[in-house]
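K.L.:
Please find input_25.cif (mmCIF, C-alpha atoms) on the next line:
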data_input
loop_
_atom_site.label_atom_id
_atom_site.label_comp_id
_atom_site.auth_asym_id
_atom_site.auth_seq_id
_atom_site.Cartn_x
_atom_site.Cartn_y
_atom_site.Cartn_z
CA LYS N 14 -215.28 100.71 68.18
CA PRO N 15 -214.03 104.10 69.40
CA TYR N 16 -217.23 105.70 68.05
CA HIS N 17 -219.38 103.56 70.34
CA THR N 18 -216.93 103.56 73.27
CA ARG N 19 -217.03 107.34 73.65
CA ALA N 20 -220.81 107.44 73.86
CA ALA N 21 -220.87 104.49 76.28
CA ASP N 22 -218.33 106.20 78.52
CA LEU N 23 -220.48 109.34 78.64
CA GLY N 24 -223.48 107.26 79.66
CA VAL N 25 -221.61 105.55 82.51
CA LEU N 26 -220.20 108.84 83.81
CA LEU N 27 -223.59 110.54 83.61
CA LEU N 28 -225.33 107.79 85.55
CA ALA N 29 -222.53 107.72 88.11
CA GLU N 30 -222.84 111.45 88.74
CA CYS N 31 -226.62 111.34 88.97
CA LEU N 32 -226.46 108.47 91.46
CA GLU N 33 -223.69 109.91 93.63
CA ASN N 34 -224.50 113.63 93.15
CA LYS N 35 -221.19 114.92 94.51
CA GLY N 36 -219.71 116.58 91.41
CA ARG N 37 -216.82 114.12 91.15
CA PHE N 38 -217.52 113.30 87.50
CA ILE N 39 -218.58 116.70 86.14
CA GLU N 40 -215.16 117.53 84.69
CA ARG N 41 -214.88 114.21 82.87
CA ILE N 42 -218.48 114.42 81.65
CA ALA N 43 -217.84 117.88 80.22
CA ALA N 44 -214.68 116.62 78.50
CA GLN N 45 -216.56 113.74 76.90
CA MET N 46 -219.38 116.04 75.76
CA GLU N 47 -216.94 118.47 74.18
CA ALA N 48 -215.05 115.63 72.50
CA ILE N 49 -218.30 114.43 70.90
CA ALA N 50 -219.16 117.99 69.89
CA ASP N 51 -215.77 118.25 68.15
CA GLU N 52 -216.17 115.04 66.12
CA ARG N 53 -216.16 115.55 62.38
CA SER N 54 -219.27 113.42 62.05
CA TRP N 55 -221.87 112.02 64.43
CA THR N 56 -223.11 109.63 61.76
CA MET N 57 -222.01 106.01 61.99
CA PRO N 58 -219.38 105.21 59.33
CA ALA N 59 -221.53 102.41 57.90
CA HIS N 60 -224.27 104.95 57.19
CA ASP N 61 -222.04 107.50 55.47
CA SER N 62 -220.63 105.66 52.47
CA SER N 63 -220.52 108.87 50.41
CA LEU N 64 -218.61 110.61 53.24
CA SER N 65 -220.97 113.57 52.93
CA ASN N 66 -221.28 113.85 56.71
CA PHE N 67 -217.58 113.30 57.29
CA ASN N 68 -216.68 115.98 54.75
CA GLY N 69 -219.48 118.31 55.82
CA THR N 70 -221.07 118.56 52.36
CA ARG N 71 -224.47 117.37 53.61
CA LEU N 72 -225.56 116.46 57.12
CA THR N 73 -228.05 113.65 57.68
CA ILE N 74 -229.50 112.01 60.78
CA ASP N 75 -228.93 108.30 61.35
CA LEU N 76 -229.25 105.94 64.30
CA GLY N 77 -225.85 106.99 65.62
CA SER N 78 -226.29 110.76 65.42
CA ALA N 79 -229.80 110.47 66.89
CA HIS N 80 -228.47 108.51 69.87
CA ARG N 81 -225.63 111.01 70.33
CA ALA N 82 -228.12 113.86 70.33
CA LEU N 83 -230.24 112.22 73.01
CA ALA N 84 -227.27 111.41 75.25
CA LEU N 85 -225.96 114.98 75.05
CA ALA N 86 -229.40 116.48 75.56
CA TYR N 87 -230.06 114.39 78.66
CA ALA N 88 -226.65 115.31 80.06
CA LEU N 89 -227.48 119.01 79.60
CA ASN N 90 -230.92 118.56 81.13
CA TRP N 91 -229.96 116.43 84.13
CA LEU N 92 -226.86 118.51 85.00
CA GLU N 93 -228.39 121.91 84.30
CA GLY N 94 -226.41 124.67 86.04
CA ARG N 95 -223.52 122.36 86.91
CA LEU N 96 -221.67 122.05 83.60
CA PRO N 97 -219.15 124.68 82.43
CA GLY N 98 -220.81 127.45 80.42
CA LYS N 99 -218.55 126.91 77.40
CA THR N 100 -219.51 123.24 77.30
CA VAL N 101 -223.21 124.06 77.33
CA VAL N 102 -222.87 126.64 74.55
CA LYS N 103 -220.78 124.37 72.34
CA VAL N 104 -222.99 121.29 72.77
CA LYS N 105 -226.26 123.19 72.25
CA GLY N 106 -224.82 124.74 69.10
CA GLU N 107 -223.84 121.35 67.69
CA LEU N 108 -227.22 119.81 68.58
CA LYS N 109 -228.92 122.57 66.64
CA ARG N 110 -226.57 122.40 63.64
CA ARG N 111 -226.23 118.63 63.28
CA VAL N 112 -229.68 117.41 64.33
CA PHE N 113 -232.49 119.84 65.19
CA ASP N 114 -232.16 122.10 62.12
CA ILE N 115 -231.71 119.07 59.86
CA TYR N 116 -234.81 117.39 61.27
CA LEU N 117 -237.06 120.42 60.91
CA ALA N 118 -235.82 121.11 57.37
CA ALA N 119 -236.58 117.54 56.34
CA ARG N 120 -240.07 117.74 57.85
CA ARG N 121 -240.70 121.12 56.17
CA ASP N 122 -239.68 119.96 52.69
CA ALA N 123 -240.91 116.36 52.84
CA GLY N 124 -244.04 117.08 50.82
CA LYS N 125 -242.10 118.58 47.93
CA ASP N 126 -240.06 115.54 47.05
CA ARG N 127 -240.14 112.32 49.06
CA LYS N 128 -236.49 111.56 48.24
CA ASN N 129 -234.70 114.88 47.86
CA GLY N 130 -237.07 116.85 50.07
CA LEU N 131 -236.02 114.75 53.05
CA HIS N 132 -232.40 115.87 52.54
CA GLY N 133 -231.19 112.28 52.82
CA ASN N 134 -233.31 111.44 55.87
CA TRP N 135 -235.17 108.63 54.14
CA TRP N 136 -236.10 106.96 57.42
CA MET N 137 -238.91 109.45 58.08
CA PHE N 138 -241.20 107.42 55.82
CA THR N 139 -239.81 103.94 56.31
CA HIS N 140 -241.57 101.12 58.18
CA SER N 141 -238.45 99.85 59.95
CA ASN N 142 -236.95 100.42 63.38
CA TRP N 143 -235.02 103.41 61.98
CA ASN N 144 -238.22 105.44 61.92
CA ALA N 145 -239.01 104.82 65.57
CA VAL N 146 -235.47 105.13 66.90
CA CYS N 147 -234.46 108.29 65.04
CA ASN N 148 -237.78 110.04 65.72
CA SER N 149 -237.74 109.03 69.36
CA CYS N 150 -234.18 110.13 70.05
CA VAL N 151 -234.41 113.45 68.17
CA ILE N 152 -237.79 114.49 69.53
CA ARG N 153 -236.96 113.55 73.12
CA ALA N 154 -233.68 115.44 72.81
CA ALA N 155 -235.57 118.50 71.57
CA LEU N 156 -238.06 118.30 74.44
CA ALA N 157 -235.15 118.11 76.90
CA VAL N 158 -233.11 121.14 75.83
CA ILE N 159 -234.93 123.51 73.49
CA GLU N 160 -236.10 126.52 75.49
CA SER N 161 -238.77 127.84 73.13
CA ARG N 162 -242.12 126.24 73.86
CA GLN N 163 -243.29 126.99 70.34
CA GLU N 164 -240.29 125.24 68.80
CA ARG N 165 -240.67 122.22 71.07
CA ALA N 166 -244.27 122.03 69.85
CA ARG N 167 -243.01 121.70 66.27
CA PHE N 168 -241.20 118.50 67.22
CA ALA N 169 -244.18 117.16 69.17
CA GLU N 170 -246.49 117.83 66.22
CA SER N 171 -244.09 116.06 63.89
CA ALA N 172 -244.24 112.91 66.02
CA GLU N 173 -247.94 112.48 65.31
CA ARG N 174 -247.23 112.17 61.59
CA THR N 175 -243.78 110.64 61.25
CA THR N 176 -244.51 107.66 63.50
CA VAL N 177 -247.50 106.51 61.42
CA PRO N 178 -245.32 104.68 58.84
CA PHE N 179 -243.57 102.78 61.64
CA LEU N 180 -246.79 101.22 62.94
CA SER N 181 -247.89 100.39 59.39
CA GLY N 182 -244.84 98.13 59.10
CA PHE N 183 -246.45 95.59 61.45
CA THR N 184 -249.21 93.24 60.43
CA ALA N 185 -252.70 93.81 61.83
CA ASP N 186 -252.02 91.24 64.56
CA GLY N 187 -248.75 92.92 65.51
CA TYR N 188 -246.16 90.66 63.86
CA CYS N 189 -242.68 92.16 63.48
CA SER N 190 -240.82 90.71 60.49
CA GLU N 191 -237.56 92.25 61.77
CA GLY N 192 -237.52 89.81 64.68
CA MET N 193 -237.63 90.15 68.44
CA GLY N 194 -234.35 92.04 68.76
CA TYR N 195 -235.56 94.80 66.48
CA TRP N 196 -238.98 94.80 68.13
CA ASN N 197 -237.18 95.53 71.40
CA TYR N 198 -235.16 98.28 69.73
CA GLY N 199 -237.78 99.92 67.52
CA PHE N 200 -240.99 99.51 69.49
CA GLY N 201 -239.08 100.14 72.72
CA HIS N 202 -238.10 103.58 71.44
CA HIS N 203 -241.67 104.14 70.25
CA LEU N 204 -242.91 103.44 73.79
CA GLN N 205 -240.35 105.86 75.25
CA LEU N 206 -241.32 108.60 72.80
CA GLY N 207 -245.04 108.16 73.40
CA LEU N 208 -244.63 108.35 77.17
CA ALA N 209 -242.37 111.42 76.90
CA LEU N 210 -244.94 113.20 74.71
CA ARG N 211 -247.75 112.34 77.11
CA GLN N 212 -245.76 113.88 79.93
CA ALA N 213 -244.66 116.95 77.98
CA THR N 214 -248.13 117.77 76.63
CA GLY N 215 -250.32 116.69 79.53
CA GLY N 216 -251.70 113.88 77.39
CA GLU N 217 -252.74 116.14 74.49
CA VAL N 218 -250.32 114.34 72.15
CA ASP N 219 -250.88 110.61 72.59
CA LEU N 220 -249.29 108.20 70.12
CA PHE N 221 -251.06 105.28 71.76
CA ARG N 222 -254.58 106.22 70.69
CA ASP N 223 -254.14 103.97 67.67
CA PRO N 224 -255.28 100.52 68.89
CA LYS N 225 -252.65 98.88 66.70
CA ASN N 226 -250.11 99.81 69.38
CA LEU N 227 -251.55 97.17 71.66
CA ALA N 228 -251.39 94.49 68.96
CA VAL N 229 -247.71 95.33 68.44
CA MET N 230 -247.13 95.27 72.20
CA SER N 231 -248.60 91.78 72.40
CA TYR N 232 -245.95 90.49 69.95
CA GLY N 233 -243.41 90.70 72.78
CA PHE N 234 -245.29 87.89 74.52
CA ALA N 235 -247.08 86.07 71.73
CA TYR N 236 -243.84 85.45 69.81
CA ALA N 237 -242.27 83.49 72.69
CA LEU N 238 -241.91 79.72 72.35
CA GLU N 239 -241.52 79.45 76.10
CA ARG N 240 -240.95 82.05 78.75
CA GLY N 241 -237.64 83.72 77.89
CA VAL N 242 -237.09 81.94 74.55
CA SER N 243 -238.11 83.27 71.13
CA PRO N 244 -237.34 81.95 67.64
CA TYR N 245 -234.47 83.48 65.71
CA PHE N 246 -236.09 84.42 62.43
CA ALA N 247 -234.57 87.25 60.32
CA ASP N 248 -231.78 89.45 61.71
CA GLY N 249 -233.35 90.24 65.06
CA GLY N 250 -233.26 87.35 67.51
CA GLY N 251 -233.33 87.44 71.27
CA ASN N 252 -236.07 87.72 73.84
CA VAL N 253 -238.40 90.37 75.12
CA ASP N 254 -236.71 93.19 77.06
CA ILE N 255 -238.06 93.57 80.62
CA VAL N 256 -237.77 97.36 80.19
CA ASN N 257 -240.34 97.23 77.41
CA LEU N 258 -242.69 95.22 79.63
CA CYS N 259 -242.44 97.91 82.30
CA LEU N 260 -243.01 100.69 79.75
CA GLY N 261 -245.97 98.83 78.27
CA ARG N 262 -247.62 98.59 81.66
CA GLN N 263 -247.33 102.36 82.04
CA VAL N 264 -249.30 102.73 78.82
CA TRP N 265 -251.82 99.95 79.53
CA PRO N 266 -252.23 99.57 83.32
CA GLU N 267 -254.72 96.78 82.69
CA LEU N 268 -251.81 94.58 81.64
CA ALA N 269 -250.75 94.48 85.28
CA ASP N 270 -254.02 94.34 87.19
CA GLY N 271 -255.21 90.84 86.35
CA GLU N 272 -258.27 92.13 84.48
CA THR N 273 -256.82 91.75 81.00
CA ALA N 274 -259.48 89.39 79.67
CA GLN N 275 -262.23 91.82 80.65
CA THR N 276 -260.62 94.74 78.80
CA PRO N 277 -262.60 95.17 75.56
CA VAL N 278 -259.68 96.20 73.39
CA LEU N 279 -257.81 93.06 74.41
CA ARG N 280 -260.65 90.56 74.22
CA GLY N 281 -259.91 87.94 71.60
CA THR N 282 -256.23 88.81 71.26
CA TYR N 283 -253.24 86.75 72.29
CA ALA N 284 -252.37 89.49 74.76
CA ALA N 285 -255.40 88.50 76.83
CA ILE N 286 -253.67 85.30 77.94
CA ALA N 287 -250.04 85.81 77.06
CA LEU N 288 -249.47 89.10 78.88
CA ARG N 289 -250.86 87.76 82.12
CA ALA N 290 -248.91 84.53 81.82
CA PHE N 291 -245.75 86.56 82.29
CA GLY N 292 -247.26 88.69 85.01
CA GLN N 293 -247.06 86.23 87.87
CA GLU N 294 -243.31 85.79 87.72
CA ASP N 295 -242.73 89.52 87.28
CA GLY N 296 -244.16 90.24 90.72
CA LEU N 297 -247.58 91.28 89.51
CA PRO N 298 -250.88 90.20 91.07
CA PRO N 299 -251.76 86.55 90.29
CA ALA N 300 -253.70 86.05 87.10
CA LYS N 301 -257.39 85.39 87.65
CA ALA N 302 -257.61 82.96 84.73
CA ALA N 303 -255.50 79.98 83.76
CA ALA N 304 -251.86 80.96 83.75
CA GLY N 305 -249.42 79.95 81.05
CA LEU N 306 -248.91 80.76 77.41
CA PRO N 307 -251.60 79.53 75.03
CA ALA N 308 -251.10 76.31 73.08
CA ARG N 309 -250.34 78.30 69.97
CA THR N 310 -250.02 81.72 68.40
CA PHE N 311 -250.80 82.03 64.71
CA PHE N 312 -249.83 85.24 62.94
CA ALA N 313 -252.03 84.71 59.90
CA ASP N 314 -250.81 87.61 57.76
CA ALA N 315 -247.15 86.73 58.31
CA GLN N 316 -247.82 82.97 58.04
CA VAL N 317 -245.97 82.26 61.28
CA LEU N 318 -247.12 79.60 63.74
CA ILE N 319 -245.80 79.29 67.28
CA SER N 320 -246.86 75.86 68.63
CA ARG N 321 -246.11 75.32 72.31
CA PRO N 322 -245.90 72.44 74.78
CA GLY N 323 -249.18 71.24 76.17
CA PRO N 324 -250.10 70.85 79.84
CA GLN N 325 -247.77 68.92 82.11
CA GLY N 326 -247.21 65.40 80.85
CA ARG N 327 -247.85 66.18 77.19
CA GLY N 328 -244.26 66.69 76.16
CA LYS N 329 -241.79 69.57 76.11
CA LEU N 330 -241.39 70.25 72.40
CA SER N 331 -242.25 73.63 70.95
CA VAL N 332 -241.73 74.79 67.40
CA ALA N 333 -241.98 77.96 65.32
CA MET N 334 -242.74 77.61 61.60
CA LYS N 335 -242.83 80.34 58.98
CA GLY N 336 -244.07 80.81 55.47
CA GLY N 337 -243.95 84.46 54.52
CA HIS N 338 -241.89 85.85 51.65
CA ASN N 339 -238.33 86.91 50.86
CA GLY N 340 -238.99 90.64 50.72
CA GLU N 341 -239.56 91.20 54.43
CA MET N 342 -237.73 93.78 56.55
CA HIS N 343 -234.30 92.52 57.66
CA ASN N 344 -235.10 89.65 55.35
CA HIS N 345 -233.40 86.29 55.07
CA ASN N 346 -234.23 83.95 52.20
CA ASP N 347 -235.99 81.66 54.62
CA VAL N 348 -239.47 80.74 53.38
CA GLY N 349 -240.34 77.42 55.02
CA SER N 350 -237.88 77.78 57.90
CA TYR N 351 -238.52 76.56 61.44
CA TYR N 352 -237.07 76.67 64.97
CA LEU N 353 -237.37 73.62 67.23
CA LEU N 354 -237.08 73.78 71.02
CA CYS N 355 -237.04 70.99 73.60
CA ASP N 356 -237.41 71.98 77.24
CA GLY N 357 -235.87 75.38 76.58
CA VAL N 358 -232.94 74.11 74.49
CA ALA N 359 -232.70 74.82 70.73
CA MET N 360 -232.43 71.46 68.98
CA SER N 361 -232.67 72.32 65.29
CA GLY N 362 -233.69 74.98 62.83
CA ASP N 363 -233.00 78.55 61.86
CA PRO N 364 -229.56 79.95 62.83
CA GLY N 365 -230.70 83.58 63.02
CA GLY N 366 -228.62 86.52 61.82
CA GLU N 367 -224.92 86.97 61.21
CA ILE N 368 -222.43 89.34 62.80
CA TYR N 369 -222.86 92.54 60.79
CA THR N 370 -220.15 93.57 58.36
CA ARG N 371 -220.11 96.20 55.62
CA ARG N 372 -221.45 93.51 53.26
CA THR N 373 -224.53 92.75 55.36
CA PHE N 374 -226.59 95.69 54.10
CA SER N 375 -224.98 96.05 50.68
CA LYS N 376 -225.91 94.69 47.25
CA ASP N 377 -223.94 91.57 48.22
CA ARG N 378 -226.14 90.79 51.26
CA TYR N 379 -227.22 87.39 49.96
CA VAL N 380 -223.69 86.23 49.23
CA SER N 381 -223.75 85.32 52.91
CA LYS N 382 -224.57 81.66 53.46
CA VAL N 383 -226.21 82.64 56.73
CA LEU N 384 -228.61 85.07 55.05
CA ASN N 385 -229.33 83.23 51.81
CA SER N 386 -231.35 80.04 51.97
CA TYR N 387 -228.26 77.80 52.17
CA GLY N 388 -227.95 78.67 55.85
CA HIS N 389 -231.55 77.78 56.63
CA PRO N 390 -233.29 74.44 57.10
CA VAL N 391 -234.90 74.51 53.65
CA PRO N 392 -234.15 72.50 50.48
CA VAL N 393 -231.59 73.21 47.78
CA LEU N 394 -233.36 72.24 44.55
CA GLY N 395 -231.26 71.20 41.57
CA GLY N 396 -228.36 73.13 43.03
CA GLU N 397 -230.48 76.30 43.24
CA LEU N 398 -231.20 78.38 46.35
CA GLN N 399 -234.31 80.41 47.07
CA GLU N 400 -234.77 83.68 45.23
CA THR N 401 -235.08 87.08 46.88
CA GLY N 402 -238.09 89.38 46.76
CA ARG N 403 -241.79 89.57 47.44
CA LYS N 404 -242.68 87.05 44.72
CA ALA N 405 -240.67 84.35 46.47
CA ALA N 406 -243.56 83.61 48.79
CA ALA N 407 -245.38 80.75 50.46
CA ALA N 408 -249.06 79.93 50.14
CA VAL N 409 -250.89 78.39 53.07
CA ALA N 410 -252.36 75.14 51.76
CA HIS N 411 -253.97 74.00 55.00
CA SER N 412 -254.19 74.92 58.67
CA ASP N 413 -256.06 73.04 61.36
CA PHE N 414 -255.48 73.66 65.05
CA THR N 415 -257.06 71.36 67.63
CA GLU N 416 -256.41 70.10 71.15
CA ALA N 417 -254.82 66.98 69.69
CA ARG N 418 -252.76 68.42 66.83
CA ASP N 419 -251.56 71.55 65.06
CA LEU N 420 -251.40 71.04 61.31
CA PHE N 421 -249.88 73.83 59.23
CA THR N 422 -249.07 73.12 55.57
CA ILE N 423 -247.50 75.55 53.12
CA ASP N 424 -246.54 75.33 49.45
CA PHE N 425 -243.30 77.27 49.01
CA SER N 426 -242.39 76.28 45.47
CA ALA N 427 -242.64 79.95 44.39
CA ALA N 428 -239.56 80.73 46.49
CA TYR N 429 -237.40 78.83 43.98
CA GLY N 430 -238.28 80.70 40.81
CA LYS N 431 -237.42 78.84 37.62
CA SER N 432 -236.16 75.85 39.62
CA ALA N 433 -239.51 75.39 41.32
CA PRO N 434 -241.32 72.07 41.04
CA GLU N 435 -245.05 72.01 40.47
CA LYS N 436 -245.53 71.57 44.19
CA LEU N 437 -243.24 71.86 47.20
CA ALA N 438 -245.06 71.32 50.48
CA ARG N 439 -243.92 71.41 54.09
#
Would you mind giving the structure from this file in structure tokens?
P.N.:
Amino acid sequence: KPYHTRAADLGVLLLAECLENKGRFIERIAAQMEAIADERSWTMPAHDSSLSNFNGTRLTIDLGSAHRALALAYALNWLEGRLPGKTVVKVKGELKRRVFDIYLAARRDAGKDRKNGLHGNWWMFTHSNWNAVCNSCVIRAALAVIESRQERARFAESAERTTVPFLSGFTADGYCSEGMGYWNYGFGHHLQLGLALRQATGGEVDLFRDPKNLAVMSYGFAYALERGVSPYFADGGGNVDIVNLCLGRQVWPELADGETAQTPVLRGTYAAIALRAFGQEDGLPPAKAAAGLPARTFFADAQVLISRPGPQGRGKLSVAMKGGHNGEMHNHNDVGSYYLLCDGVAMSGDPGGEIYTRRTFSKDRYVSKVLNSYGHPVPVLGGELQETGRKAAAAVAHSDFTEARDLFTIDFSAAYGKSAPEKLAR
């Protein structure tokens, strides 16, 4: 709690000073910055089980230290010439020692040994939100405070390579197995980094050239059951962040101009309808085609169907159904789960994630009855729960989507291992 409180306090003070611009908060901002600089470790305790950061035997970058670096760097940048000289020197020194040097060393040695060469910074090649968040925070911090243009370029160049694994973690149609909350967190930071690099390099470095970015962007809309309500699969529930919608429209102006369906890269995607459906209520020009979310979204690779209410008078039920497998990112043992909504109210189905404890991401993760299949609306067979891993997967037996009916049938017997019947259909 105190770890997060200190950073939050700095953020509030920084925004207050930038809004008021009278110097009233400079002294307190400097005190907070120096207090963070003096901390034994910037790494979150949950990410330093060996205490290597706390004891100073090996420094690594995690979500916490990356966020601290960005907050300090923005404070230095926004208040340039107004902070005490000793504060500036101390904070810049700690940014270099704890983050910038560590990042560049990991990038330099990554090719030698994927595990040891990264000096403990495993996230550089992961597909999860860690990749996007850590890269985004560190690189934007470097762009904000490092004086050498050549050294800033080293960070910008790194972004073109280290963000590739992050995008590969999404299916071809943009599905995020971590859930909406982590889409907001991870892809939101990816959007911020891409826009910062465009600005810093005059568009020479552009992370959005890969068309998969747009498919991932469309998930923020296509995953919704109704406007403002998304299913709670895996650890990351919640709904699309309006900030990400605004950032997305900076990248793809066509998302806001009512011409979405005529944009070639969007034609045939769920974004063509879904993005504009949200546009009207966000103060954008009226859509030129039929407004409203489509009757369904089917993420074929992930085996996730979002089936929505029909036109007025056809009922208010909407449902999300998933097949998938039990080796997904932020996985729950939840093959065959569903989430049922009636007129915006959750009626039945998946409970979503638990409040994180030290057990949540340990070897005992599936002791939790929220995360193992006991906590999900799926069978217990012969006293046995679903197994964990990629082999515990569903097979789509049948899918047929028409104006009258959505039929989606899976066989998820493989999720139960030795306890599996010959057939288990839902």
K.L.:
Written as a list in words, what is the full residue list that the PyMOL selection byres ((chain N and resi 232) around 10) yields on the file shown?
P.N.:
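That expression, the PyMOL selection byres ((chain N and resi 232) around 10), corresponds here to Phe183, Asp186, Gly187, Tyr188, Cys189, Gly192, Met193, Trp196, Leu227, Ala228, Val229, Met230, Ser231, Gly233, Phe234, Ala235, Tyr236, Ala237, Val253, Tyr283, Ala284, Ala287, Leu288, Thr310 and Phe312 of chain N.
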K.L.:
Export, as a CSV table (one decimal), keeping the file's coordinate frame, the selected residues with C-alpha atoms.
P.N.:
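Listing of out15.csv after writing:
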chain,number,residue,atom,x,y,z
N,183,PHE,CA,-246.4,95.6,61.4
N,186,ASP,CA,-252.0,91.2,64.6
N,187,GLY,CA,-248.8,92.9,65.5
N,188,TYR,CA,-246.2,90.7,63.9
N,189,CYS,CA,-242.7,92.2,63.5
N,192,GLY,CA,-237.5,89.8,64.7
N,193,MET,CA,-237.6,90.2,68.4
N,196,TRP,CA,-239.0,94.8,68.1
N,227,LEU,CA,-251.6,97.2,71.7
N,228,ALA,CA,-251.4,94.5,69.0
N,229,VAL,CA,-247.7,95.3,68.4
N,230,MET,CA,-247.1,95.3,72.2
N,231,SER,CA,-248.6,91.8,72.4
N,233,GLY,CA,-243.4,90.7,72.8
N,234,PHE,CA,-245.3,87.9,74.5
N,235,ALA,CA,-247.1,86.1,71.7
N,236,TYR,CA,-243.8,85.4,69.8
N,237,ALA,CA,-242.3,83.5,72.7
N,253,VAL,CA,-238.4,90.4,75.1
N,283,TYR,CA,-253.2,86.8,72.3
N,284,ALA,CA,-252.4,89.5,74.8
N,287,ALA,CA,-250.0,85.8,77.1
N,288,LEU,CA,-249.5,89.1,78.9
N,310,THR,CA,-250.0,81.7,68.4
N,312,PHE,CA,-249.8,85.2,62.9
K.L.:
N:Met137: which residues within 10 Å, counting only C-alpha atoms, same-chain residues fewer than 4 positions away excluded, as a list in words?
P.N.:
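Surrounding residues, per the criterion: Tyr116, Ala119, Arg120, Ala123, Arg127, Leu131, Gly133, Ser141, Trp143, Asn144, Ala145, Cys147, Asn148, Arg174, Thr175, Thr176, Val177, Pro178 and Phe179 of chain N.
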K.L.:
Restricting the calculation to all atoms listed in the file, which member of N:Pro364, N:Pro434, N:Gly241, N:Gly337 is positioned closest to N:Val383?
P.N.:
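For N:Val383, the nearest of the candidates is N:Pro364.
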K.L.:
Have a look at N:Arg121, N:Arg71, N:Arg95, N:His132 and name the one nearest to N:Arg37; count all atoms listed in the file.
P.N.:
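Comparing N:Arg121, N:Arg71, N:Arg95, N:His132 against N:Arg37, the winner is N:Arg95.
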K.L.:
I'd like to see the residues matched by the PyMOL selection byres ((chain N and resi 154-171) around 7) on this file, and ideally I'd get them as a list in words.
P.N.:
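Evaluating the PyMOL selection byres ((chain N and resi 154-171) around 7) on this file yields Ala82, Leu83, Ala86, Tyr87, Asn90, Cys150, Val151, Ile152, Arg153, Ala172, Glu173, Arg174, Thr175 and Leu210 of chain N.
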K.L.:
Out of N:Ile49, N:Met342, N:Leu318, N:Ile74, which residue has the shortest atom-to-atom distance to N:Glu107 when counting all atoms listed in the file?
P.N.:
N:Ile49
K.L.:
Record the distance separating atom CA of N:Gly215 and atom CA of N:Thr139, expressed in Å with one decimal.
P.N.:
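Here the two named atoms are 28.5 Å from each other.
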K.L.:
Please determine, counting all atoms listed in the file, which residue among N:His140, N:Gly388, N:Asn66, N:Gly340 has the shortest atom-to-atom distance to N:Thr184.
P.N.:
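Of the candidates, the smallest distance to N:Thr184 is held by N:His140.
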K.L.:
What's the separation between atom CA of N:Asn257 and atom CA of N:Phe200, in Å to one decimal place?
P.N.:
8.3 Å
K.L.:
For a quick check of understanding, using all atoms listed in the file, which of N:Leu208, N:Ala359, N:Ala247, N:Leu258 has the smallest distance to N:Ser386?
P.N.:
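Under the stated criterion, the closest residue is N:Ala247.
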K.L.:
Go through the shown structure with the PyMOL selection byres ((chain N and resi 41) around 12) and write out the matching residues as a list in words.
P.N.:
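After applying the PyMOL selection byres ((chain N and resi 41) around 12), what remains is Arg19, Asp22, Leu23, Gly24, Val25, Leu26, Leu27, Ala29, Glu30, Gly36, Arg37, Phe38, Ile39, Glu40, Ile42, Ala43, Ala44, Gln45, Met46, Glu47, Ala48, Leu96, Pro97 and Thr100 of chain N.
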K.L.:
Measuring atom to atom with all atoms listed in the file, identify which of N:Val380, N:Gln316, N:Ala433, N:Ser375 is nearest to N:Ala410.
P.N.:
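Looking only at the distances to N:Ala410, the closest residue turns out to be N:Gln316.
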